[in-house]
Amino acid sequence: MRVIGRMLFVSMIAIASLGAMSQQHAEQPASGDEIRIGNVMPYSGPLSEFGAIGQAEAAYFDMVNARGGINGRKIRFITRDDNSDPTTALELTRNLVEKDDVHLMFGSFGTPGNIATRWYLNEKKIRSCSSPPATRS
């Protein structure tokens with residue numbers, strides 16, 4: 001239950017941070033009726049069981065869209081499989097930013113992949129809200 005609570009908390013922080021985005025993000029070509037959010041998850045490979053987190057995030061954003069979205073804007077959650085490989089995570093993140101024009105990277109899983117993409121996302125001024133580390137109770 002604690003994991004679900006944390007996921008909801010991180011989701012709410014990410015959604016709240018969309019309103020605080022810089023003017024530079026507003027200048028990117030985007031349709032006025034959608035918010036594009038990118039994600040990189042291990043849907044295959046040795047950590048594929050954690051792909052369920054990405055599926056839960058997608059279901060959450062589907063629920064938000066079913067309830068009218070955010071201020072009338074629908075969320076387009078674009079998720080990619082990095083096979084738990086940091087090099088692949090960097091390339092997929094580049095594609096999400098440059099080709100898919102995501103406004104935010106949300107919930108990408110894995111410390112090595114997040115470290116590999118951190119400098120790139122900072123350079124491009126793309127906000128990133130990564131999954132919180134697991135803690136023991």
# chains A, B, ... in the order shown; residues from 1 in each chain; ligands from 1
call {"tool": "select_by_dssp", "arguments": {"residues": "range 70-124 of chain A", "states": "strand (DSSP E or B)", "output": "JSON, numbers by chain"}}
result
{"A": [70, 73, 74, 75, 76, 77, 78, 79, 80, 81, 104, 105, 106]}
call {"tool": "write_last_selection", "arguments": {"atoms": "all heavy atoms", "output": "CSV table (one decimal), in the first residue's frame"}}
result
chain,number,residue,atom,x,y,z
A,70,ILE,N,-6.2,17.5,-17.6
A,70,ILE,CA,-5.8,18.6,-16.7
A,70,ILE,C,-6.1,19.9,-17.4
A,70,ILE,O,-5.6,20.3,-18.4
A,70,ILE,CB,-4.3,18.5,-16.5
A,70,ILE,CG1,-3.9,17.2,-15.8
A,70,ILE,CG2,-3.8,19.7,-15.6
A,70,ILE,CD1,-2.4,16.9,-15.7
A,73,ARG,N,-6.8,19.6,-20.9
A,73,ARG,CA,-5.8,19.0,-21.8
A,73,ARG,C,-5.6,17.6,-21.4
A,73,ARG,O,-5.5,17.2,-20.3
A,73,ARG,CB,-4.5,19.8,-21.6
A,73,ARG,CG,-4.6,21.3,-22.0
A,73,ARG,CD,-3.4,22.0,-21.6
A,73,ARG,NE,-2.2,21.7,-22.5
A,73,ARG,CZ,-1.0,22.1,-22.3
A,73,ARG,NH1,-0.7,22.9,-21.3
A,73,ARG,NH2,0.0,21.7,-23.1
A,74,LYS,N,-5.5,16.7,-22.5
A,74,LYS,CA,-5.3,15.3,-22.3
A,74,LYS,C,-3.8,15.0,-22.1
A,74,LYS,O,-3.0,15.7,-22.7
A,74,LYS,CB,-5.8,14.5,-23.5
A,74,LYS,CG,-7.3,14.7,-23.7
A,74,LYS,CD,-8.1,14.0,-22.5
A,74,LYS,CE,-9.6,14.2,-22.8
A,74,LYS,NZ,-10.4,13.5,-21.8
A,75,ILE,N,-3.5,14.0,-21.4
A,75,ILE,CA,-2.1,13.5,-21.2
A,75,ILE,C,-1.8,12.4,-22.2
A,75,ILE,O,-2.5,11.5,-22.3
A,75,ILE,CB,-1.9,13.0,-19.8
A,75,ILE,CG1,-2.1,14.1,-18.8
A,75,ILE,CG2,-0.5,12.4,-19.6
A,75,ILE,CD1,-2.1,13.7,-17.3
A,76,ARG,N,-0.7,12.6,-22.9
A,76,ARG,CA,-0.2,11.6,-23.8
A,76,ARG,C,1.0,11.0,-23.2
A,76,ARG,O,2.1,11.6,-23.2
A,76,ARG,CB,0.1,12.1,-25.2
A,76,ARG,CG,0.5,11.1,-26.2
A,76,ARG,CD,0.6,11.6,-27.6
A,76,ARG,NE,1.2,10.7,-28.4
A,76,ARG,CZ,2.1,11.0,-29.4
A,76,ARG,NH1,2.3,12.2,-29.7
A,76,ARG,NH2,2.7,10.0,-30.1
A,77,PHE,N,0.9,9.8,-22.6
A,77,PHE,CA,1.9,9.1,-21.9
A,77,PHE,C,2.7,8.2,-22.9
A,77,PHE,O,2.1,7.2,-23.3
A,77,PHE,CB,1.4,8.3,-20.7
A,77,PHE,CG,2.4,7.7,-19.8
A,77,PHE,CD1,3.3,8.5,-19.1
A,77,PHE,CD2,2.5,6.4,-19.7
A,77,PHE,CE1,4.2,8.0,-18.2
A,77,PHE,CE2,3.5,5.8,-18.8
A,77,PHE,CZ,4.3,6.6,-18.1
A,78,ILE,N,3.9,8.5,-23.2
A,78,ILE,CA,4.7,7.8,-24.2
A,78,ILE,C,5.8,7.0,-23.4
A,78,ILE,O,6.7,7.6,-22.8
A,78,ILE,CB,5.3,8.7,-25.2
A,78,ILE,CG1,4.3,9.6,-25.8
A,78,ILE,CG2,6.1,7.9,-26.3
A,78,ILE,CD1,4.8,10.8,-26.6
A,79,THR,N,5.7,5.7,-23.4
A,79,THR,CA,6.6,4.9,-22.7
A,79,THR,C,7.4,4.0,-23.6
A,79,THR,O,6.8,3.5,-24.6
A,79,THR,CB,5.9,4.1,-21.6
A,79,THR,OG1,6.9,3.4,-20.8
A,79,THR,CG2,4.9,3.2,-22.1
A,80,ARG,N,8.7,3.8,-23.3
A,80,ARG,CA,9.5,2.9,-24.2
A,80,ARG,C,10.2,1.9,-23.3
A,80,ARG,O,10.5,2.1,-22.1
A,80,ARG,CB,10.6,3.8,-24.9
A,80,ARG,CG,10.0,4.9,-25.7
A,80,ARG,CD,9.5,4.4,-27.0
A,80,ARG,NE,9.1,5.5,-27.9
A,80,ARG,CZ,7.9,5.8,-28.2
A,80,ARG,NH1,6.9,5.1,-27.7
A,80,ARG,NH2,7.6,6.7,-29.0
A,81,ASP,N,10.6,0.8,-23.9
A,81,ASP,CA,11.3,-0.3,-23.2
A,81,ASP,C,12.8,-0.2,-23.4
A,81,ASP,O,13.3,-0.2,-24.5
A,81,ASP,CB,10.9,-1.6,-23.8
A,81,ASP,CG,11.5,-2.8,-23.2
A,81,ASP,OD1,12.2,-2.7,-22.2
A,81,ASP,OD2,11.4,-3.9,-23.8
A,104,LEU,N,7.9,16.4,-20.2
A,104,LEU,CA,8.4,15.9,-18.9
A,104,LEU,C,8.7,14.5,-19.0
A,104,LEU,O,8.1,13.7,-19.7
A,104,LEU,CB,7.2,16.1,-17.9
A,104,LEU,CG,7.3,15.4,-16.6
A,104,LEU,CD1,8.2,16.2,-15.7
A,104,LEU,CD2,5.9,15.4,-16.0
A,105,MET,N,9.8,14.1,-18.3
A,105,MET,CA,10.1,12.6,-18.2
A,105,MET,C,9.6,12.2,-16.8
A,105,MET,O,10.0,12.9,-15.8
A,105,MET,CB,11.6,12.4,-18.3
A,105,MET,CG,12.1,12.6,-19.7
A,105,MET,SD,11.4,11.4,-20.9
A,105,MET,CE,12.1,9.8,-20.4
A,106,PHE,N,8.8,11.2,-16.7
A,106,PHE,CA,8.1,10.9,-15.5
A,106,PHE,C,8.3,9.4,-15.2
A,106,PHE,O,8.0,8.5,-16.0
A,106,PHE,CB,6.6,11.2,-15.5
A,106,PHE,CG,5.9,10.7,-14.3
A,106,PHE,CD1,6.0,11.4,-13.1
A,106,PHE,CD2,5.2,9.6,-14.3
A,106,PHE,CE1,5.4,11.0,-11.9
A,106,PHE,CE2,4.5,9.1,-13.2
A,106,PHE,CZ,4.6,9.9,-12.0
call {"tool": "closest_residue", "arguments": {"among": "A:Asn65, A:Lys124, A:Arg118, A:Glu57", "to": "Gly38 in chain A", "atoms": "only C-alpha atoms"}}
result
A:Glu57
call {"tool": "atom_distance", "arguments": {"atom1": "CA of Ala58 in chain A", "atom2": "CA of Pro42 in chain A"}}
result
14.2 Å
call {"tool": "select_by_dssp", "arguments": {"residues": "range 24-75 of chain A", "states": "helix (DSSP H, G or I)", "output": "PyMOL selection string"}}
result
chain A and resi 24-26+48-66
call {"tool": "atom_distance", "arguments": {"atom1": "CA of Gly107 in chain A", "atom2": "CA of Gly32 in chain A"}}
result
23.6 Å
call {"tool": "closest_residue", "arguments": {"among": "A:Asp62, A:Glu98, A:Asp82, A:Glu123", "to": "Ser44 in chain A", "atoms": "only C-alpha atoms"}}
result
A:Asp82
